[in-house]
Amino acid sequence: MQRATKSPTRRATTLGAACLLALTAAAAPALAAEWTVSITNATNGTYFTPFVVAAHGDHTDVFDVGRPASLDVQRVAECGDIGGVVDSLTAAHADLDVNPAGGRLAPGMTTTAVLNPAPWQDRLSVIAMLIPTNDGFVGLDAIEVPKVPGTYTYAVNGYDAGTEANDEVLDTSGCAPGMPGIPGDPTGLAGTGGTGVATADYNTYVHIHPGVVGDLDSDGGPSDLDASVHDWNNPVGYVTVTVRPGHRRHH
């Protein structure tokens, strides 16, 4: 009996089709997701300054708990200046939504950012100053967002940059990194004449913020902050990410 053999012509046709499919798949534009990022301020009397929302890769960090704050993070935490963080994330090719609230985010309020990250941008970071504080900030650092469409909620902590003593004394004369004092109180309910709660920050690394001490003396006492208004505990807010299939992104 003669054994059947594959036709060389047919084999070549099959290989050619497989190669064509592989080349077509490689040439197809990547499917980018869409993230709707809702941020809620859950405090009683603390505002979030204009903040940055970013999608980026796993080699980028905005801050690291247990390590010294960068100058960019110090500027956010002490003065609400997000310019340096924006520049650094832009250089890292992050997808950004800057100041989605159009200013400060008041207690109890929610704002929404929209990102269209590339497939490699699977990390989410958020940062803004907590005001009134000396060097407190609200943040998420490089949280991995699932690729599966759905809604995901994250509790957001308040952090201390470790760069300034928490004296809780208002100083509205200006703001520069390294200068003591709180640059303002959006509630308008702070007092005056505070002698200072702390003279040093003994943990000089980024750490969980201990919260506000405050007092009930509007004309003196150790703090200018009102304990009945400005005191807060973690978490200070919530971030909800809704992941949806996005559009085709061409390279």
# chains A, B, ... in the order shown; residues from 1 in each chain; ligands from 1
call {"tool": "select_by_dssp", "arguments": {"residues": "region 66-217 of chain A", "states": "alpha helix (DSSP H)", "output": "list in words"}}
result
Leu71, Asp72, Val73, Gln74, Arg75, Val76, Ala77, Glu78, Cys79, Gly83, Gly84, Val85, Val86, Asp87, Ser88, Leu89, Thr90 and Ala91 of chain A
call {"tool": "residues_around", "arguments": {"residues": "Ala128 (chain A)", "least_positions_apart": "3", "cutoff": "8 Å", "atoms": "only C-alpha atoms", "output": "VMD selection string"}}
result
chain A and resid 48 to 52 76 to 77 80 82 137 to 139
call {"tool": "write_last_selection", "arguments": {"atoms": "C-alpha atoms", "output": "PDB file, in the first residue's frame"}}
result
ATOM      1  CA  PHE A  48      -7.415  68.322  49.119  1.00  0.00           C
ATOM      2  CA  THR A  49      -5.379  70.806  47.103  1.00  0.00           C
ATOM      3  CA  PRO A  50      -5.299  70.396  43.295  1.00  0.00           C
ATOM      4  CA  PHE A  51      -4.081  66.890  42.714  1.00  0.00           C
ATOM      5  CA  VAL A  52      -2.534  64.655  40.085  1.00  0.00           C
ATOM      6  CA  VAL A  76       3.180  68.903  47.286  1.00  0.00           C
ATOM      7  CA  ALA A  77       3.019  68.106  51.014  1.00  0.00           C
ATOM      8  CA  GLY A  80       0.338  72.020  47.407  1.00  0.00           C
ATOM      9  CA  ILE A  82       2.144  69.689  42.012  1.00  0.00           C
ATOM     10  CA  PHE A 137      -0.665  64.656  51.783  1.00  0.00           C
ATOM     11  CA  VAL A 138      -3.248  62.216  50.495  1.00  0.00           C
ATOM     12  CA  GLY A 139      -1.940  59.567  48.160  1.00  0.00           C
TER      13      GLY A 139
END
call {"tool": "closest_atom_pairs", "arguments": {"of": "region 103-218 of chain A", "to": "region 62-66 of chain A", "cutoff": "7 Å", "atoms": "only C-alpha atoms", "output": "JSON lines"}}
result
{"residue": "A:Asp141", "atom": "CA", "partner": "A:Val62", "partner_atom": "CA", "distance": 6.0}
{"residue": "A:Tyr205", "atom": "CA", "partner": "A:Gly66", "partner_atom": "CA", "distance": 5.3}
{"residue": "A:Val206", "atom": "CA", "partner": "A:Val65", "partner_atom": "CA", "distance": 4.9}
{"residue": "A:His207", "atom": "CA", "partner": "A:Val65", "partner_atom": "CA", "distance": 5.6}
call {"tool": "write_last_selection", "arguments": {"atoms": "C-alpha atoms", "output": "JSON list (two decimals), in the first residue's frame"}}
result
[["chain", "number", "residue", "atom", "x", "y", "z"],
["A", 141, "ASP", "CA", 1.26, 55.07, 44.98],
["A", 205, "TYR", "CA", 10.68, 59.39, 56.24],
["A", 206, "VAL", "CA", 7.28, 59.26, 54.54],
["A", 207, "HIS", "CA", 4.90, 57.70, 57.07]]
call {"tool": "closest_residue", "arguments": {"among": "A:Asn134, A:Thr40, A:Gln121, A:Thr110", "to": "Ala55 (chain A)", "atoms": "only C-alpha atoms"}}
result
A:Gln121
call {"tool": "select_by_dssp", "arguments": {"residues": "region 93-147 of chain A", "states": "strand (DSSP E)", "output": "count of residues only"}}
result
28
call {"tool": "closest_residue", "arguments": {"among": "A:Leu140, A:Ala33, A:Ala165, A:Leu71", "to": "Thr153 (chain A)", "atoms": "only C-alpha atoms"}}
result
A:Leu140
